[in-house]
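> mmCIF, C-alpha atoms, file coords-v2.cif:
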data_entry
loop_
_atom_site.label_atom_id
_atom_site.label_comp_id
_atom_site.auth_asym_id
_atom_site.auth_seq_id
_atom_site.Cartn_x
_atom_site.Cartn_y
_atom_site.Cartn_z
CA MET V 28 67.59 54.80 77.88
CA ASN V 29 70.69 52.67 78.50
CA HIS V 30 73.11 55.19 80.01
CA GLU V 31 75.84 52.57 80.52
CA PHE V 32 75.83 51.62 76.83
CA TYR V 33 76.51 55.16 75.69
CA MET V 34 79.00 55.84 78.49
CA GLN V 35 80.94 52.71 77.55
CA ARG V 36 81.25 54.16 74.07
CA CYS V 37 82.58 57.39 75.62
CA LEU V 38 85.27 55.43 77.44
CA GLU V 39 86.21 53.54 74.27
CA LEU V 40 86.59 56.84 72.42
CA ALA V 41 88.54 58.44 75.27
CA GLU V 42 91.11 55.64 75.30
CA LYS V 43 92.06 56.48 71.71
CA GLY V 44 93.87 59.55 73.09
CA LEU V 45 96.12 57.55 75.42
CA GLY V 46 99.69 58.81 75.17
CA ASN V 47 98.77 62.07 73.42
CA THR V 48 96.68 64.14 75.84
CA SER V 49 98.83 64.44 78.97
CA PRO V 50 98.77 66.46 81.15
CA ASN V 51 95.12 66.65 80.15
CA PRO V 52 92.79 63.72 80.87
CA LEU V 53 91.35 61.17 78.46
CA VAL V 54 87.83 62.21 77.49
CA GLY V 55 85.21 60.86 75.11
CA ALA V 56 81.80 62.30 74.26
CA VAL V 57 78.69 60.89 72.57
CA ILE V 58 75.59 62.83 71.48
CA VAL V 59 72.31 60.90 71.43
CA HIS V 60 69.03 61.92 69.79
CA ASN V 61 66.00 59.64 70.19
CA GLU V 62 68.28 56.81 71.31
CA ARG V 63 70.46 57.15 68.21
CA ILE V 64 74.05 58.36 68.22
CA ILE V 65 74.30 61.41 65.99
CA GLY V 66 77.75 62.62 67.02
CA GLU V 67 80.83 61.53 68.88
CA GLY V 68 84.38 62.67 69.53
CA PHE V 69 87.35 62.45 71.87
CA HIS V 70 90.22 64.59 73.08
CA GLN V 71 92.89 63.66 70.56
CA LYS V 72 95.94 65.60 71.72
CA TYR V 73 97.04 68.14 74.29
CA GLY V 74 96.22 71.67 73.15
CA GLY V 75 93.64 70.43 70.65
CA PRO V 76 89.83 70.60 70.80
CA HIS V 77 88.19 68.78 73.69
CA ALA V 78 85.89 65.78 73.28
CA GLU V 79 82.69 67.80 73.57
CA VAL V 80 83.83 70.16 70.80
CA ASN V 81 84.68 67.31 68.46
CA ALA V 82 81.39 65.54 69.21
CA ILE V 83 79.26 68.64 68.61
CA ASN V 84 81.17 69.49 65.44
CA SER V 85 80.55 65.97 64.12
CA VAL V 86 76.75 66.39 64.21
CA GLU V 87 75.53 67.05 60.68
CA ASP V 88 72.12 68.49 61.58
CA LYS V 89 72.75 70.94 64.41
CA SER V 90 69.01 71.56 64.84
CA LEU V 91 68.81 68.16 66.56
CA LEU V 92 71.08 69.27 69.41
CA LYS V 93 68.30 71.03 71.36
CA ASP V 94 66.50 67.70 71.71
CA SER V 95 69.64 65.65 72.40
CA LYS V 96 71.64 64.40 75.35
CA ILE V 97 75.42 64.45 75.57
CA TYR V 98 77.34 61.74 77.39
CA VAL V 99 80.82 62.76 78.58
CA SER V 100 83.37 60.61 80.39
CA LEU V 101 84.60 63.57 82.48
CA GLU V 102 82.95 66.72 83.78
CA PRO V 103 82.98 69.48 81.13
CA CYS V 104 85.40 72.28 81.95
CA SER V 105 84.09 75.74 82.77
CA HIS V 106 87.33 77.73 82.54
CA PHE V 107 89.51 79.08 79.74
CA GLY V 108 92.67 77.04 79.22
CA LYS V 109 94.27 76.09 75.92
CA THR V 110 90.69 76.05 74.58
CA PRO V 111 87.40 77.76 75.55
CA PRO V 112 85.12 76.19 78.21
CA CYS V 113 83.19 73.14 77.04
CA ALA V 114 80.33 73.85 79.47
CA ASN V 115 79.69 77.12 77.62
CA LEU V 116 79.62 75.34 74.26
CA ILE V 117 77.09 72.80 75.56
CA LEU V 118 74.88 75.66 76.73
CA GLU V 119 75.24 77.54 73.44
CA SER V 120 74.34 74.35 71.54
CA LYS V 121 71.07 74.15 73.56
CA ILE V 122 71.75 70.57 74.66
CA SER V 123 69.33 70.04 77.54
CA GLU V 124 70.86 67.06 79.37
CA VAL V 125 74.41 66.02 80.26
CA ILE V 126 75.32 62.57 81.60
CA ILE V 127 78.80 62.42 83.14
CA CYS V 128 80.98 59.51 84.18
CA ASN V 129 83.35 61.29 86.62
CA LYS V 130 83.69 64.65 88.29
CA ASP V 131 86.95 66.33 87.36
CA PRO V 132 89.43 66.42 90.30
CA HIS V 133 91.41 69.33 88.81
CA GLU V 134 91.12 72.35 91.09
CA LYS V 135 90.08 74.58 88.18
CA VAL V 136 87.07 72.37 87.49
CA ALA V 137 86.12 70.23 90.54
CA GLY V 138 82.36 70.57 90.24
CA LYS V 139 82.33 74.04 88.71
CA GLY V 140 81.35 72.71 85.29
CA ILE V 141 78.38 70.83 86.74
CA GLU V 142 77.35 73.86 88.81
CA PHE V 143 77.51 76.16 85.77
CA LEU V 144 75.33 73.84 83.67
CA GLU V 145 72.74 73.30 86.40
CA LYS V 146 72.50 77.02 87.14
CA ASN V 147 71.68 77.56 83.49
CA GLY V 148 68.89 74.99 83.39
CA VAL V 149 70.73 71.97 82.02
CA LYS V 150 69.87 68.62 83.57
CA VAL V 151 73.03 66.93 84.83
CA SER V 152 73.65 63.48 86.26
CA CYS V 153 76.98 62.03 87.31
CA GLY V 154 78.38 58.60 88.20
CA THR V 155 77.57 56.33 85.25
CA LEU V 156 80.40 53.75 85.01
CA GLU V 157 82.28 55.80 87.60
CA LYS V 158 84.83 53.11 88.54
CA GLU V 159 85.59 52.32 84.91
CA GLY V 160 86.16 56.00 84.23
CA GLU V 161 88.50 56.38 87.19
CA TRP V 162 90.54 53.42 86.02
CA LEU V 163 90.87 54.85 82.51
CA ASN V 164 92.01 58.21 83.90
CA ARG V 165 93.99 56.75 86.82
CA ARG V 166 97.08 58.81 85.94
CA PHE V 167 95.13 62.07 85.90
CA PHE V 168 93.15 61.26 89.08
CA LYS V 169 96.24 60.15 91.04
CA PHE V 170 98.15 63.30 90.08
CA HIS V 171 95.42 65.77 91.03
CA ARG V 172 94.36 63.99 94.20
CA THR V 173 97.85 63.41 95.63
CA GLN V 174 100.13 65.78 93.68
CA LEU V 175 102.21 62.73 92.73
CA PRO V 176 102.55 60.95 89.37
CA TYR V 177 101.18 57.48 88.66
CA VAL V 178 104.01 54.94 89.00
CA ILE V 179 104.19 51.75 86.94
CA LEU V 180 106.84 49.10 87.68
CA LYS V 181 107.85 46.77 84.87
CA TRP V 182 110.33 43.92 84.70
CA ALA V 183 110.92 40.60 82.98
CA GLN V 184 111.80 37.42 84.84
CA THR V 185 112.44 33.75 84.20
CA GLN V 186 110.11 30.98 85.29
CA ASN V 187 112.15 30.59 88.46
CA GLY V 188 112.30 34.32 89.24
CA PHE V 189 115.60 35.65 87.88
CA MET V 190 115.66 39.05 86.15
CA ASP V 191 119.31 39.00 85.04
CA LYS V 192 122.21 36.63 84.86
CA THR V 193 125.12 36.90 87.29
CA ARG V 194 127.50 39.39 85.68
CA VAL V 195 131.27 39.43 85.88
CA GLU V 196 133.47 42.47 85.25
CA ASN V 197 132.86 44.08 81.84
CA ASP V 198 129.98 41.70 81.17
CA LYS V 199 127.70 44.00 79.15
CA GLY V 200 124.65 43.53 76.98
CA VAL V 201 121.02 42.54 77.46
CA ASN V 202 120.25 39.04 78.70
CA TRP V 203 116.89 38.64 76.97
CA ILE V 204 114.20 36.74 78.84
CA THR V 205 111.00 37.38 76.89
CA HIS V 206 109.99 36.64 73.29
CA PRO V 207 111.23 39.21 70.71
CA GLU V 208 107.67 40.13 69.75
CA THR V 209 106.94 41.18 73.34
CA LYS V 210 109.03 44.30 72.64
CA THR V 211 106.07 45.70 70.72
CA ILE V 212 103.72 45.77 73.70
CA VAL V 213 106.49 47.03 76.02
CA HIS V 214 107.26 49.90 73.64
CA GLN V 215 103.56 50.66 73.32
CA TRP V 216 103.42 50.88 77.11
CA ARG V 217 106.26 53.39 76.99
CA ALA V 218 104.38 55.53 74.47
CA GLN V 219 101.46 55.75 76.91
CA GLU V 220 103.48 57.28 79.74
CA ASP V 221 105.11 60.68 80.20
CA ALA V 222 108.46 59.42 81.47
CA ILE V 223 110.60 56.30 81.78
CA LEU V 224 113.06 55.66 84.62
CA VAL V 225 116.08 53.36 85.04
CA GLY V 226 119.10 53.20 87.30
CA ALA V 227 122.73 53.74 86.32
CA ASN V 228 123.60 50.03 86.25
CA THR V 229 120.87 49.37 83.70
CA VAL V 230 122.33 52.04 81.43
CA ILE V 231 125.88 50.75 81.87
CA ASN V 232 125.04 47.06 81.40
CA ASP V 233 122.27 47.18 78.80
CA SER V 234 122.72 50.49 76.92
CA PRO V 235 118.93 50.88 76.54
CA ALA V 236 117.50 53.46 74.15
CA LEU V 237 114.31 53.77 76.27
CA ASP V 238 112.34 54.79 73.18
CA VAL V 239 109.29 53.49 71.29
CA ARG V 240 110.98 52.31 68.08
CA HIS V 241 108.95 49.07 67.96
CA ALA V 242 105.60 50.85 68.39
CA SER V 243 103.88 54.11 67.47
CA GLY V 244 103.74 57.24 69.59
CA LYS V 245 106.03 59.72 71.29
CA ASN V 246 109.15 58.85 73.25
CA PRO V 247 108.80 59.32 77.02
CA LEU V 248 111.18 61.61 78.87
CA ARG V 249 114.22 59.52 79.88
CA LEU V 250 115.12 59.58 83.58
CA VAL V 251 118.25 58.04 85.11
CA ILE V 252 119.18 57.67 88.77
CA ASP V 253 122.97 58.02 88.90
CA PRO V 254 123.89 59.58 92.28
CA ASN V 255 127.65 59.12 91.88
CA ASN V 256 127.99 59.73 88.13
CA LYS V 257 128.89 56.14 87.27
CA ILE V 258 127.85 56.54 83.64
CA SER V 259 130.77 57.87 81.60
CA ASP V 260 130.48 61.10 79.62
CA ASN V 261 131.07 59.26 76.33
CA HIS V 262 128.58 56.43 76.92
CA GLU V 263 126.45 55.75 73.83
CA PHE V 264 123.30 56.35 75.89
CA TRP V 265 123.91 60.11 75.56
CA ASN V 266 124.29 60.01 71.77
CA LEU V 267 120.59 59.52 71.04
CA ASN V 268 118.62 62.61 70.08
CA THR V 269 116.39 62.38 73.16
CA SER V 270 115.85 64.56 76.23
CA SER V 271 117.09 63.08 79.50
CA VAL V 272 117.13 63.99 83.18
CA VAL V 273 119.83 62.59 85.47
CA PHE V 274 119.35 62.48 89.25
CA SER V 275 122.80 62.95 90.74
CA LYS V 276 124.59 64.41 93.76
CA THR V 277 126.84 66.49 91.52
CA GLU V 278 126.21 68.26 88.25
CA ARG V 279 128.19 67.92 85.03
CA VAL V 280 127.76 68.84 81.37
CA ILE V 281 126.93 66.05 78.91
CA ASN V 282 125.02 67.72 76.08
CA SER V 283 122.27 70.29 75.55
CA GLN V 284 119.53 67.67 75.92
CA THR V 285 120.67 66.28 79.27
CA GLU V 286 119.54 68.00 82.47
CA PHE V 287 120.84 67.27 85.96
CA CYS V 288 118.62 67.31 89.03
CA LEU V 289 120.70 67.52 92.19
CA LEU V 290 119.84 65.08 94.97
CA ASN V 291 120.00 65.91 98.65
CA GLU V 292 121.29 63.60 101.39
CA ILE V 293 118.24 63.92 103.60
CA GLU V 294 115.35 62.50 101.60
CA ASP V 295 114.89 59.13 99.94
CA ILE V 296 115.82 59.30 96.24
CA SER V 297 112.53 57.83 95.05
CA ASN V 298 110.60 60.62 96.79
CA GLN V 299 112.88 63.23 95.23
CA VAL V 300 112.28 61.78 91.77
CA LEU V 301 108.51 61.94 92.18
CA LYS V 302 108.61 65.50 93.52
CA PHE V 303 110.64 66.54 90.48
CA LEU V 304 108.09 64.93 88.15
CA THR V 305 105.24 66.71 89.93
CA SER V 306 107.05 70.04 89.55
CA ARG V 307 107.21 69.40 85.78
CA ASN V 308 103.54 68.42 85.52
CA ILE V 309 104.48 64.86 84.54
CA LEU V 310 101.52 62.60 85.30
CA SER V 311 103.06 59.15 84.92
CA VAL V 312 106.32 57.23 84.86
CA ILE V 313 107.18 53.64 83.97
CA ILE V 314 110.16 52.19 85.84
CA GLU V 315 112.05 49.49 83.93
CA GLY V 316 114.97 48.69 86.20
CA GLY V 317 117.21 47.73 87.63
CA LYS V 318 116.43 45.79 90.74
CA ALA V 319 117.65 48.43 93.20
CA THR V 320 115.62 51.16 91.51
CA LEU V 321 112.47 49.05 91.43
CA GLU V 322 112.87 47.97 95.05
CA SER V 323 113.39 51.54 96.25
CA PHE V 324 109.89 52.43 95.05
CA ILE V 325 108.45 49.18 96.40
CA LYS V 326 110.03 49.75 99.81
CA GLU V 327 108.55 53.24 100.10
CA SER V 328 105.13 52.10 98.78
CA LEU V 329 105.45 54.63 95.97
CA TRP V 330 104.14 52.43 93.18
CA ASP V 331 100.63 52.04 91.79
CA GLU V 332 100.86 49.27 89.23
CA ALA V 333 103.29 46.44 88.42
CA ARG V 334 103.59 44.69 85.06
CA ILE V 335 105.53 41.46 85.36
CA LEU V 336 106.60 39.61 82.22
CA THR V 337 107.62 35.98 82.69
CA GLY V 338 109.49 34.19 79.90
CA LYS V 339 109.68 30.44 79.26
CA ASN V 340 113.32 30.01 80.37
CA ASP V 341 114.81 28.81 83.64
CA TRP V 342 118.24 29.93 84.77
CA THR V 343 120.24 28.06 87.40
CA LYS V 344 121.43 31.28 89.02
CA GLY V 345 121.32 35.03 88.66
CA LEU V 346 119.79 38.20 90.08
CA LYS V 347 116.46 37.56 91.74
CA SER V 348 113.55 39.74 90.63
CA PRO V 349 111.70 42.08 93.04
CA GLN V 350 108.69 40.90 95.00
CA VAL V 351 105.43 42.85 95.22
CA SER V 352 102.20 42.25 97.08
CA GLY V 353 99.02 43.56 95.56
CA TYR V 354 95.88 42.72 93.66
CA GLU V 355 96.09 40.95 90.32
CA ILE V 356 93.74 42.56 87.82
CA GLU V 357 94.84 40.90 84.58
CA GLU V 358 96.81 37.95 83.30
CA LEU V 359 97.45 37.26 79.64
CA LYS V 360 99.61 35.16 77.34
CA LEU V 361 101.73 36.65 74.56
CA ASN V 362 103.55 34.06 72.47
CA THR V 363 105.54 32.09 75.08
CA ASP V 364 105.37 34.88 77.66
CA GLN V 365 103.00 35.44 80.56
CA ILE V 366 102.07 38.99 81.60
CA ARG V 367 100.60 39.76 85.02
CA ILE V 368 99.31 43.19 85.96
CA ILE V 369 99.05 43.96 89.67
CA THR V 370 97.81 47.06 91.49
CA ARG V 371 98.94 48.12 94.97
CA GLU V 372 95.44 49.17 95.99
CA ILE V 373 92.35 47.10 95.33
CA ARG V 374 90.35 48.05 92.27
CA ILE V 375 86.63 47.71 92.95
#
The structure in this file should be written as C-alpha cells.

Amino acid sequence: MNHEFYMQRCLELAEKGLGNTSPNPLVGAVIVHNERIIGEGFHQKYGGPHAEVNAINSVEDKSLLKDSKIYVSLEPCSHFGKTPPCANLILESKISEVIICNKDPHEKVAGKGIEFLEKNGVKVSCGTLEKEGEWLNRRFFKFHRTQLPYVILKWAQTQNGFMDKTRVENDKGVNWITHPETKTIVHQWRAQEDAILVGANTVINDSPALDVRHASGKNPLRLVIDPNNKISDNHEFWNLNTSSVVFSKTERVINSQTEFCLLNEIEDISNQVLKFLTSRNILSVIIEGGKATLESFIKESLWDEARILTGKNDWTKGLKSPQVSGYEIEELKLNTDQIRIITREIRI
C-alpha cells in the first residue's frame, strides 16, 4: 500500500483549515479500505470536531471500519479538550491500524495518543512524510517546542532595493511598489496568521488598516510598537472596529478595543513582543514594517520566514530595504512582481 499517497491527501485536507484552527494544529485524516478511500475529513475550525471525527463520520458503511486503516497527519489526541479524545474514537470504531505523519509536540499529547492506541492493540506507525507535515504545521511545532510564536517578515521593495521613498515633513500616504492585484495574496497571508505587527511610523505615514478586506478569512490581531506614543489619540487607525495591542512605555486610553502592553527598559522590545504573544497563546505573527521594526527582529535572530515582494520599478533614492540571510525555498511571479520566500533555518 502506498502510504505516502494517502498521507499526501491528509496534508492537502489539513491545509484547508489554515487560518481557522489556531491555536490548534492543522490536521487531515483519510480512511482506507482495501486500498480505496472510504472517508476523509479535516479540522475545520478551532473548537470544532477534529479531523479523525469528521473522517469517521463521513464513512457511509461503518461496518467497513474494522477492516480499515486511518491515515492522520498528526498524532491523535488522548485527552479531553474542547472535544473528546480522538484516540478513543478510533478504538471505539474498531479501526485496527493508524498511520501517522508527525508526533504531536503538545505536552498534553506528546506520544500519549500513540501509547494509548498501541496498549489497546492498534497497530501504529509514524513518520510518513514527516518533513512535509512539520512544514505544514510549522507554526504549531515552533510554538510548542520553543514557547515562541512563528515569525514571518514581509516587505515590498523596488528592483534596486528601496522600500519607501525619502519622506519630508507631513509627507503621508503609501508609496506603492507592487502591482495592485498583489494585495490579494498579501491579505490572504494576513488571514493565515494570528497577529500582524507594524511600527508607529508605518501607522503615521501609511494609515494601514491591517485587515483582510481583499481576501477571505478573519482579521489578525493588530499589534503596534509605539514606545513613546507618537501616534495621536485621534488618528484614523483607531477608528476601525478591530482589536489592537500597543507596545508602549506609558499607558493611555484610546478606546475599548485598544490594549496597552507596557515595555520595560531592560529587555529588547522584539523579545517583549514575542513573550506577550506567547502569554496569549498566539502561534504566529506577520511583521509588515517599517524598516526599524523588521530589522529589530532580524538583528535578534527572532524571525523564521521572510517574504520579499519586488516590484518592477526603480527609484533613484529612498529608504533601503532590510537584508536577510537564509535559505530560499520558493520564488514565484505574480503579474509584474517577484515573490521570494526565505527561511532562517534550512528546510530539509
> List as a list in words the protein and nucleic acid residues near Val230 in chain V, meaning an atom at most 12 Å away when only C-alpha atoms are counted, but skip any in the same chain fewer than 5 places from it.
Lys199, Gly200, Val201, Leu224, Val225, Pro235, Ala236, Leu237, Arg249, Leu250, Val251, Ile252, Asp253, Asn256, Lys257, Ile258, Ser259, His262, Glu263, Phe264, Trp265, Val273, Glu315, Gly316 and Gly317 of chain V
> Care to translate the PyMOL selection byres ((chain V and resi 60) around 10) into actual residues of this file, as a list in words?
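This file gives the following for the PyMOL selection byres ((chain V and resi 60) around 10): Ile58, Val59, Asn61, Glu62, Arg63, Ile64, Ile65, Gly66, Leu91, Leu92, Lys93, Asp94, Ser95, Lys96 and Ile97 of chain V.
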> Could you give me, as a list in words, the residues that sit within 9 Å of (115.4, 62.2, 72.3) in the file's coordinates, counting all atoms listed in the file?
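Output: Asp238, Asn246, Pro247, Leu248, Arg249, Leu267, Asn268, Thr269, Ser270, Ser271 and Gln284 of chain V.
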> Neighbouring residues of Ser348 in chain V were defined as those with any atom within 7 Å, considering only C-alpha atoms; residues of the same chain fewer than 5 positions away were excluded. Please report them as a list in words.
Gln184, Gly188, Phe189, Met190 and Lys318 of chain V
> Applied to this file, what does the PyMOL selection byres ((chain V and resi 55) around 12) return in terms of residues, put as a ChimeraX atom specification?
/V:33-45,48,52-54,56-58,66-71,76-83,97-103,126-129,160,163-164
> Determine the residue membership of the PyMOL selection byres ((chain V and resi 152) around 8) for the file above and supply it as a tab-separated table (two decimals) with C-alpha atoms, keeping the file's coordinate frame.

chain	number	residue	atom	x	y	z
V	125	VAL	CA	74.41	66.02	80.26
V	126	ILE	CA	75.32	62.57	81.60
V	127	ILE	CA	78.80	62.42	83.14
V	150	LYS	CA	69.87	68.62	83.57
V	151	VAL	CA	73.03	66.93	84.83
V	153	CYS	CA	76.98	62.03	87.31
V	154	GLY	CA	78.38	58.60	88.20
> Show which residues sit within 8 Å of His214 in chain V, as a list of chain:residue names. Count all atoms listed in the file, and ignore same-chain residues fewer than 3 positions away.
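Near His214 in chain V, the qualifying residues are V:Lys210, V:Thr211, V:Arg217, V:Ala218, V:Asp238, V:Val239, V:Arg240, V:His241, V:Ala242.
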> Between CA of Ser49 in chain V and CA of Ile309 in chain V, what is the spacing in Å?
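These atoms are spaced 7.9 Å apart.
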> Would you mind putting all heavy atoms back on range 88-99 of chain V and writing the result as an mmCIF file, keeping the file's coordinate frame?

data_model
loop_
_atom_site.group_PDB
_atom_site.id
_atom_site.type_symbol
_atom_site.label_atom_id
_atom_site.label_comp_id
_atom_site.auth_asym_id
_atom_site.auth_seq_id
_atom_site.Cartn_x
_atom_site.Cartn_y
_atom_site.Cartn_z
ATOM 1 N N ASP V 88 73.300 67.628 61.451
ATOM 2 C CA ASP V 88 72.120 68.490 61.580
ATOM 3 C C ASP V 88 72.119 69.095 62.982
ATOM 4 O O ASP V 88 71.659 68.490 63.950
ATOM 5 C CB ASP V 88 70.851 67.663 61.345
ATOM 6 C CG ASP V 88 69.582 68.517 61.348
ATOM 7 O OD1 ASP V 88 69.677 69.732 61.626
ATOM 8 O OD2 ASP V 88 68.489 67.959 61.089
ATOM 9 N N LYS V 89 72.625 70.293 63.107
ATOM 10 C CA LYS V 89 72.750 70.940 64.410
ATOM 11 C C LYS V 89 71.397 71.263 65.048
ATOM 12 O O LYS V 89 71.322 71.483 66.266
ATOM 13 C CB LYS V 89 73.576 72.230 64.278
ATOM 14 C CG LYS V 89 75.010 72.022 63.773
ATOM 15 C CD LYS V 89 75.844 71.278 64.786
ATOM 16 C CE LYS V 89 77.336 71.327 64.449
ATOM 17 N NZ LYS V 89 77.688 70.601 63.205
ATOM 18 N N SER V 90 70.328 71.272 64.268
ATOM 19 C CA SER V 90 69.010 71.560 64.840
ATOM 20 C C SER V 90 68.550 70.447 65.778
ATOM 21 O O SER V 90 67.647 70.657 66.599
ATOM 22 C CB SER V 90 67.975 71.737 63.715
ATOM 23 O OG SER V 90 67.727 70.506 63.043
ATOM 24 N N LEU V 91 69.167 69.277 65.690
ATOM 25 C CA LEU V 91 68.810 68.160 66.560
ATOM 26 C C LEU V 91 69.395 68.298 67.963
ATOM 27 O O LEU V 91 68.947 67.625 68.901
ATOM 28 C CB LEU V 91 69.281 66.837 65.950
ATOM 29 C CG LEU V 91 68.700 66.452 64.586
ATOM 30 C CD1 LEU V 91 69.323 65.148 64.093
ATOM 31 C CD2 LEU V 91 67.181 66.315 64.669
ATOM 32 N N LEU V 92 70.379 69.162 68.128
ATOM 33 C CA LEU V 92 71.080 69.270 69.410
ATOM 34 C C LEU V 92 70.146 69.683 70.553
ATOM 35 O O LEU V 92 70.300 69.210 71.686
ATOM 36 C CB LEU V 92 72.247 70.258 69.295
ATOM 37 C CG LEU V 92 73.430 69.794 68.433
ATOM 38 C CD1 LEU V 92 74.431 70.926 68.248
ATOM 39 C CD2 LEU V 92 74.107 68.580 69.048
ATOM 40 N N LYS V 93 69.183 70.544 70.280
ATOM 41 C CA LYS V 93 68.300 71.030 71.360
ATOM 42 C C LYS V 93 67.428 69.925 71.939
ATOM 43 O O LYS V 93 66.888 70.064 73.043
ATOM 44 C CB LYS V 93 67.435 72.188 70.856
ATOM 45 C CG LYS V 93 66.502 71.845 69.721
ATOM 46 C CD LYS V 93 65.735 73.073 69.251
ATOM 47 C CE LYS V 93 64.899 72.795 68.017
ATOM 48 N NZ LYS V 93 63.946 71.683 68.150
ATOM 49 N N ASP V 94 67.283 68.836 71.216
ATOM 50 C CA ASP V 94 66.500 67.700 71.710
ATOM 51 C C ASP V 94 67.387 66.483 71.974
ATOM 52 O O ASP V 94 66.915 65.344 71.957
ATOM 53 C CB ASP V 94 65.424 67.327 70.679
ATOM 54 C CG ASP V 94 64.432 68.455 70.443
ATOM 55 O OD1 ASP V 94 63.933 69.002 71.447
ATOM 56 O OD2 ASP V 94 64.182 68.797 69.280
ATOM 57 N N SER V 95 68.671 66.735 72.231
ATOM 58 C CA SER V 95 69.640 65.650 72.400
ATOM 59 C C SER V 95 70.264 65.657 73.784
ATOM 60 O O SER V 95 70.211 66.661 74.509
ATOM 61 C CB SER V 95 70.741 65.758 71.341
ATOM 62 O OG SER V 95 70.217 65.681 70.039
ATOM 63 N N LYS V 96 70.844 64.545 74.124
ATOM 64 C CA LYS V 96 71.640 64.400 75.350
ATOM 65 C C LYS V 96 73.091 64.226 74.950
ATOM 66 O O LYS V 96 73.397 63.657 73.899
ATOM 67 C CB LYS V 96 71.183 63.176 76.145
ATOM 68 C CG LYS V 96 69.743 63.198 76.615
ATOM 69 C CD LYS V 96 69.402 61.884 77.300
ATOM 70 C CE LYS V 96 67.998 61.916 77.914
ATOM 71 N NZ LYS V 96 66.959 62.026 76.877
ATOM 72 N N ILE V 97 74.004 64.700 75.796
ATOM 73 C CA ILE V 97 75.420 64.450 75.570
ATOM 74 C C ILE V 97 75.976 63.642 76.739
ATOM 75 O O ILE V 97 75.737 63.966 77.909
ATOM 76 C CB ILE V 97 76.229 65.754 75.352
ATOM 77 C CG1 ILE V 97 77.686 65.411 74.983
ATOM 78 C CG2 ILE V 97 76.163 66.677 76.557
ATOM 79 C CD1 ILE V 97 78.483 66.606 74.474
ATOM 80 N N TYR V 98 76.652 62.575 76.413
ATOM 81 C CA TYR V 98 77.340 61.740 77.390
ATOM 82 C C TYR V 98 78.827 62.110 77.341
ATOM 83 O O TYR V 98 79.421 62.176 76.254
ATOM 84 C CB TYR V 98 77.179 60.261 77.061
ATOM 85 C CG TYR V 98 75.780 59.735 77.257
ATOM 86 C CD1 TYR V 98 74.783 59.989 76.317
ATOM 87 C CD2 TYR V 98 75.453 58.979 78.382
ATOM 88 C CE1 TYR V 98 73.490 59.515 76.496
ATOM 89 C CE2 TYR V 98 74.159 58.494 78.571
ATOM 90 C CZ TYR V 98 73.190 58.772 77.624
ATOM 91 O OH TYR V 98 71.914 58.294 77.808
ATOM 92 N N VAL V 99 79.411 62.362 78.506
ATOM 93 C CA VAL V 99 80.820 62.760 78.580
ATOM 94 C C VAL V 99 81.498 61.950 79.686
ATOM 95 O O VAL V 99 80.955 61.811 80.787
ATOM 96 C CB VAL V 99 80.980 64.270 78.872
ATOM 97 C CG1 VAL V 99 82.424 64.695 78.661
ATOM 98 C CG2 VAL V 99 80.059 65.093 78.002
#
